[in-house]
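Notes follow once the structure below has been shown.
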Amino acid sequence: MGIRDRRVSVPPGPGWADAPGADLAALLGRVARGDAPAFRALYDRVAPAVFGSIRRVVRDPSQSEEVTQEVLVEIWRTASRFDAGKGSAMAWMMTIAHRRAVDRVRSEQRSAERELRAASHAVAYDDVAEEVEATLDGERVRRCLGSLTELQREAVTLAYYGGYTYRQVAGLLGAPTGTVNTRMRDGLIRLRDCLGAGQ
Amino acid sequence: MRTRRPEPHTLSGAYALDALTGADLVRFERHLARCEQCEREIAGLRETAARLGAAAPADPPARLAEQVFAATARTRQLPPASRDRAAPRLPLLARLPRYAGAARSPGPGPDGSPRGGHAGRGGRGRAWPPRLALALGAAGLILAGILGVSARSAEHQLAGDQQRSHTIAAILTAPDATILTARVSDGGTATVVMSGHEHALVFVADGLRPLPASRRYELWLLGPRGDKSAGMLPGASSGMTGPALASGVRTGERIGLSVEPAAGSPHPTSAMLLVLAL
């Protein structure tokens with residue numbers, strides 16, 4: 001699944017915020033009215049992006065599937081809450097996906113294995129950052145990430161792809177939390193400007 | 001967590017990356033509710049973060065689609081949000097006025113089908129007597145509207161529910177009542193009306209993730225002497241959960257929410273989805 005209608009599917013090119021986004025919003029509007037075929041079409045359009053982003057954070061394939069299912073059902077359930085005036089449909093859906101993914105990772109971190117995992121974090125984060133840059137499909141995104149300072153890039157990618165809190169990121173990078181916050185913000189702003197998104 | 005309080009503005013990046021938790025998150029959302037400029041900035045940063053997420057698509061296994069469609073076929077959709085044009089991330093407090101309409105609008109049709117032209121369950125009006133509404137004032141009226149939606153369904157089940165309604169009213173009308181609001185990490189927004197004088201609070205949540213029958217939401221008082229159950233939340237009605245009452249509460253304590261076995265747990269067995277300082 002997720003292969004039909006590939007030509008308008010993710011990853012969005014430079015026109016991300018334009019036409020395809022507009023009909024995603026319309027599709028979501030139909031989904032909000034309980035239109036099952038519209039939801040199937042939406043699934044085909046967004047499931048790969050949703051699954052890809054969740055898998056990157058959660059890592060474990062079967063858990064990633066579970067979270068993806070939860071997110072897609074959540075999109076169905078809360079479609080009426082989407083407000084096109086507040087942002088794009090894609091951002092709304094990816095926000096739900098990312099929150100669910102980090103929630104999953106964090107509730108796991110709270111389990112008994114937490115201590116054990118903490119010990120392996122120092123190794124794991126290098127992987128995360130490296131793999132992200134090696135496998136990103138979006139040429140633009142990769143290039144824009146490359147334009148950040150090292151600390152900005154690490155702060156942003158560890159938080160987004162690693163699912164770490166800013167305090168954990170600060171710990172991993174050995175930097176003060178205030179610095180990490182600032183780098184996350186100015187890193188994202190620089191990315192935003194580079195990608196031309198979010199005016 | 002309390003040692004260093006970051007300047008709220010600098011947290012917008014971390015917020016857009018979902019890198020804020022607990023008290024940091026609560027504080028930032030409170031700031032956000034008052035800061036239009038922040039809201040615009042966050043919207044832009046969210047778009048950017050979404051680009052990061054969508055940059056690495058992967059086809060999920062084919063079976064996932066059928067599982068998802070089977071699940072959506074039995075999942076009730078939230079009613080169209082006359083009450084909620086705001087993004088779900090906004091604290092409930094910021095959106096309270098919108099609820100005035102929602103409490104009176106028809107709910108979704110039976111078994112989750114979105115309502116068509118028909119009016120849903122009839123008679124969904126104000127559940128609270130006018131004199132109470134007067135006493136509550138404008139903000140209280142809105143709250144009463146929220147609470148009324150679920151209080152009414154409780155009335156059908158429990159004839160002896162009046163005492164409870166009185167207690168709730170006493171908290172809402174207490175001169176020292178304060179309203180706190182926060183996002184529940186698993187989805188939804190919680191609102192707490194707390195009266196230090198009454199040593200009690202009213203908890204209500206909107207859009208909590210539905211749970212299987214074997215699980216329920218449990219409230220906790222997180223104090224210096226350990227965690228104490230503050231009761232189980234009732235099931236949701238029209239997306240609203242509550243009101244739940246907790247007594248023996250002191251200012252300075254924290255309230256938490258977790259998912260527990262339906263019978264309740266003496267101590268939390270899963271991660272807190274919400275922690276709110278009272």
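We name chains A, B, ... following the order of the structure tokens; residues begin at 1 in each chain, and ligands are numbered from 1 as shown.
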
Using only C-alpha atoms, which chain A residues lie at most 7 Å away from chain B, written as an MDAnalysis selection string?
-> chainID A and resid 1:2 10:11 33:34 48:49 51:53 69 72:73 76:78 80:83 86:87 91 94:95 99:100 103 107 110 136:138 141 159:160 164:166 178 181:182 184:185 188:189 191:192 197:199

What does the file look like for those residues with C-alpha atoms, as a compact mmCIF listing (two decimals), in the first residue's frame?
# COMPACT_ATOMS: atom_id res chain seq x y z
CA MET A 1 0.00 0.00 0.00
CA GLY A 2 1.04 3.54 -0.21
CA VAL A 10 6.00 12.26 -0.51
CA PRO A 11 8.70 13.36 -0.41
CA ARG A 33 -16.85 14.32 7.47
CA GLY A 34 -16.38 10.57 7.74
CA PRO A 48 5.03 6.57 3.76
CA ALA A 49 6.03 9.90 5.30
CA PHE A 51 5.85 5.56 8.75
CA GLY A 52 9.30 6.76 7.69
CA SER A 53 9.46 9.47 10.31
CA GLN A 69 -1.36 2.65 12.97
CA LEU A 72 -3.30 7.18 11.20
CA VAL A 73 -6.30 6.29 13.31
CA TRP A 76 -9.05 9.91 11.20
CA ARG A 77 -10.39 10.54 14.67
CA THR A 78 -9.32 14.15 15.01
CA SER A 80 -12.16 17.82 12.35
CA ARG A 81 -9.61 19.60 14.51
CA PHE A 82 -7.32 20.42 11.64
CA ASP A 83 -7.31 24.15 10.95
CA LYS A 86 -2.81 27.42 11.45
CA GLY A 87 -0.54 25.46 9.16
CA ALA A 91 2.66 19.59 9.19
CA MET A 94 3.57 14.93 10.91
CA THR A 95 3.27 16.69 14.26
CA ARG A 99 4.61 13.30 19.14
CA ARG A 100 3.39 9.73 19.22
CA ASP A 103 5.98 9.42 23.49
CA SER A 107 7.63 5.73 27.94
CA ARG A 110 10.96 5.12 31.77
CA LEU A 136 17.60 11.34 3.82
CA ASP A 137 15.71 11.31 0.58
CA GLY A 138 15.09 14.98 0.46
CA VAL A 141 16.63 18.84 3.41
CA ALA A 159 15.81 16.01 19.15
CA TYR A 160 13.84 15.30 16.02
CA TYR A 164 15.50 13.16 22.89
CA THR A 165 14.38 15.95 25.18
CA TYR A 166 16.45 19.10 25.18
CA GLY A 178 20.43 27.14 27.50
CA ASN A 181 17.73 25.54 23.37
CA THR A 182 19.14 28.44 21.50
CA MET A 184 17.55 24.25 18.39
CA ARG A 185 15.72 27.46 17.77
CA LEU A 188 15.36 25.42 12.95
CA ILE A 189 15.01 29.03 11.86
CA LEU A 191 16.51 25.43 8.18
CA ARG A 192 13.16 27.11 7.71
CA ALA A 197 8.90 26.83 4.43
CA GLY A 198 6.71 28.36 7.00
CA GLN A 199 6.25 31.98 6.15

Quick one: pick out all strand (DSSP E or B) residues within range 175-220 of chain B from a backbone DSSP run and write them as a PyMOL selection string.
-> chain B and resi 178-183+189-195+200-206+215-220

So how many Å separate CA of Ile75 in chain A and CA of Gly196 in chain A, to one decimal?
->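 Straight-line distance from CA of Ile75 in chain A to CA of Gly196 in chain A works out to 26.1 Å.
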
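Neighbouring residues of Ile171 in chain B at 8 Å or closer, counting only C-alpha atoms and skipping chain neighbours under 5 positions away, are Ala177, Val193, Met194, Ser195, Glu198, Ala200, Leu201 and Val202 of chain B.
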
Could you take the residues named above and write them with C-alpha atoms, as a PDB file, in the first residue's frame?
ATOM      1  CA  ALA B 177     -10.282  28.956  42.237  1.00  0.00           C
ATOM      2  CA  VAL B 193      -9.838  23.993  38.461  1.00  0.00           C
ATOM      3  CA  MET B 194      -8.200  24.030  41.846  1.00  0.00           C
ATOM      4  CA  SER B 195      -9.274  25.606  45.088  1.00  0.00           C
ATOM      5  CA  GLU B 198     -11.553  23.750  49.453  1.00  0.00           C
ATOM      6  CA  ALA B 200     -10.058  20.045  46.146  1.00  0.00           C
ATOM      7  CA  LEU B 201      -9.931  20.193  42.403  1.00  0.00           C
ATOM      8  CA  VAL B 202     -12.055  19.414  39.388  1.00  0.00           C
TER       9      VAL B 202
END
